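Let me begin by presenting the structure, written as structure tokens, before commenting on it.
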Amino acid sequence: MTTVDVTWTRPRLRDGIVLGPGQWRDGKLVHHVKDPDTGWYYRVGPREHFLMSRMDGTRSLDELAGEYAAAYQRRLGPENWQQLFGMLHQRQLLHGATDPEELARLTASAAEGAAKARRGPLSARLPLFDPERLFTRLLPWLAPLFSWWFVVPALVAVLAVAGYVALHLSELADGVTGGGRPLPAILAAVVITWAIVFLHECAHGLTCRYFGGRVTEIGVMWRFPLVAPYCKVDDVVLFTPRRRVATAFAGVFVSMLALLPFAAIRLWGTPGGLLYDLAGTLLIFGTAAAALNLVPFLRLDGYYMLSHALNLTDLRGDSYRFYGQLLRRGPGAVRAHRPRDRVAYALYGLASAVFAATVLTLLVRYWYDTLARWVGPGWSVTILLAEAVVLATLLTYFLRRRTTPQPS
């Protein structure tokens with residue numbers, strides 16, 4: 001019997017294909033499938049996942065059909081097999097049924113898509129290096145840090161640092177706003193802050209690698225108006241919810257751990273010294289950055305932690321779609337969602353709207369007060385209205401650009 005015959009009678013996925021657990025997206029359960037050879041991540045439904053997870057070369061089509069019928073009380077017909085194998089062939093996922101030219105085309109298209117994702121009107125990414133070999137060498141040395149024997153005491157220490165900053169916030173803020181710092185102190189604060197942010201990103205990558213994922217990029221990201229390092233951990237979609245949450249939290253966790261030496265300097269150092277003041281600056285800005293990262297209404301670590309904890313792939317987008325369907329077509333349009341997801345979408349959408357309105361109101365008020373001191377109340381209102389028109393125009397342009405099909 002030839003390889004092709006075996007492929008179609010006892011199908012087996014190509015070596016290296018990884019199937020992820022189920023996640024909910026817009027009311028539907030989906031599974032991610034990674035093809036490491038081409039770089040593609042696919043989404044399949046639970047029934048396709050059920051069959052693909054059993055395609056190990058030991059089961060015949062009849063055996064697969066029998067297991068499927070036992071699980072779903074439904075027999076697979078010829079058209080079902082044709083559709084499934086058509087999808088597997090199109091994506092070159094079957095062992096012994098691959099076309100080198102098609103694999104090369106899929107690899108090129110995945111690379112092209114990744115390159116497009118790095119460029120945008122308000123964001124861009126510049127990859128610097130592949131950290132896979134570095135992380136693989138470091139993990140045996142750092143593995144004890146992933147045990148509960150380290151994590152629990154470290155969490156207590158992190159909470160203690162946050163508590164110290166909260167209790168001494170006024171004193172730390174006065175030190176930051178006091179001014180008069182020499183240039184070397186300012187440069188040291190900038191360098192140390194960037195080092196902590198880099199460690200933050202490495203923590204995401206090392207945690208992803210520890211759980212069996214691959215980390216493909218570390219680089220510098222521009223997301224208007226900020227520039228910061230980033231670490232690409234796409235393999236988190238293949239993890240269980242708990243491991244996804246841990247990967248997302250690792251960055252903030254390490255950022256706060258990096259503040260421990262500066263908390264010690266503030267506790268036991270000599271007040272008034274340059275190092276003492278530098279420690280206070282790093283504590284207040286580092287803690288503020290960690291708190292901002294945990295806000296679930298920004299697409300930062302806190303948002304992803306909440307999404308992963310709820311096992312939802314696109315909490316923000318699904319919440320917006322949920323309210324859109326609810327307002328346009330009424331409650332019947334959202335009954336396809338699970339009750340717990342309806343609650344999550346409703347609460348998240350409402351809370352994010354309140355958060356956005358509050359932040360916008362505070363920003364407008366602050367900017368109005370600033371302009372009023374410069375040009376007076378009348379011109380302040382005129383400038384604010386002009387800025388609102390420009391922002392609305394840009395937002396409309398970008399939304400239309402995203403929804404307009406691009407030529408292939």
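In the structure tokens, chains take letters A, B, ... by order of appearance, with residues numbered from 1 within each chain and ligands from 1 in the order shown.
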Name all residues at most 12 Å from segment 296-309 of chain A (count only C-alpha atoms; drop same-chain ones fewer than 6 positions away) and give them as a ChimeraX atom specification. /A:21-25,200-201,204,223,230,236-253,289-290,315-319,341,344-345,347-357,359
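Near Ile265 of chain A, within 9 Å and counting only C-alpha atoms, sit Leu260, Pro261, Phe262, Trp268, Gly269, Thr270, Leu275, Tyr276, Ala279 and Gly280 of chain A; same-chain residues fewer than 3 positions away were not included.
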Assign secondary structure with DSSP using the backbone only, and return the residues of segment 50-292 of chain A in strand (DSSP E) as a PyMOL selection string. chain A and resi 123-129+217-223+226-232
Residue with the minimum atom-to-atom distance to Lys232 of chain A, picked from A:Leu292, A:Met55, A:Ala346, A:Ala114 with only C-alpha atoms counted, is A:Ala114
From a backbone DSSP assignment, name each residue in segment 19-108 of chain A labelled alpha helix (DSSP H), as a PyMOL selection string. chain A and resi 46-52+61-72+78-90+100-108
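Candidate residues A:Asp277, A:Glu79, A:Asp314, A:Asp235 were compared for distance to Lys28 of chain A, and the nearest is A:Asp314, using only C-alpha atoms.
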With a distance cut-off of 10 Å and only C-alpha atoms, select the neighbouring residues of segment 173-176 of chain A, excluding the residue or stretch itself and same-chain residues fewer than 5 positions from it, and output the selection as a PyMOL selection string. chain A and resi 165+168+181+272+276-278+280-282+284-285
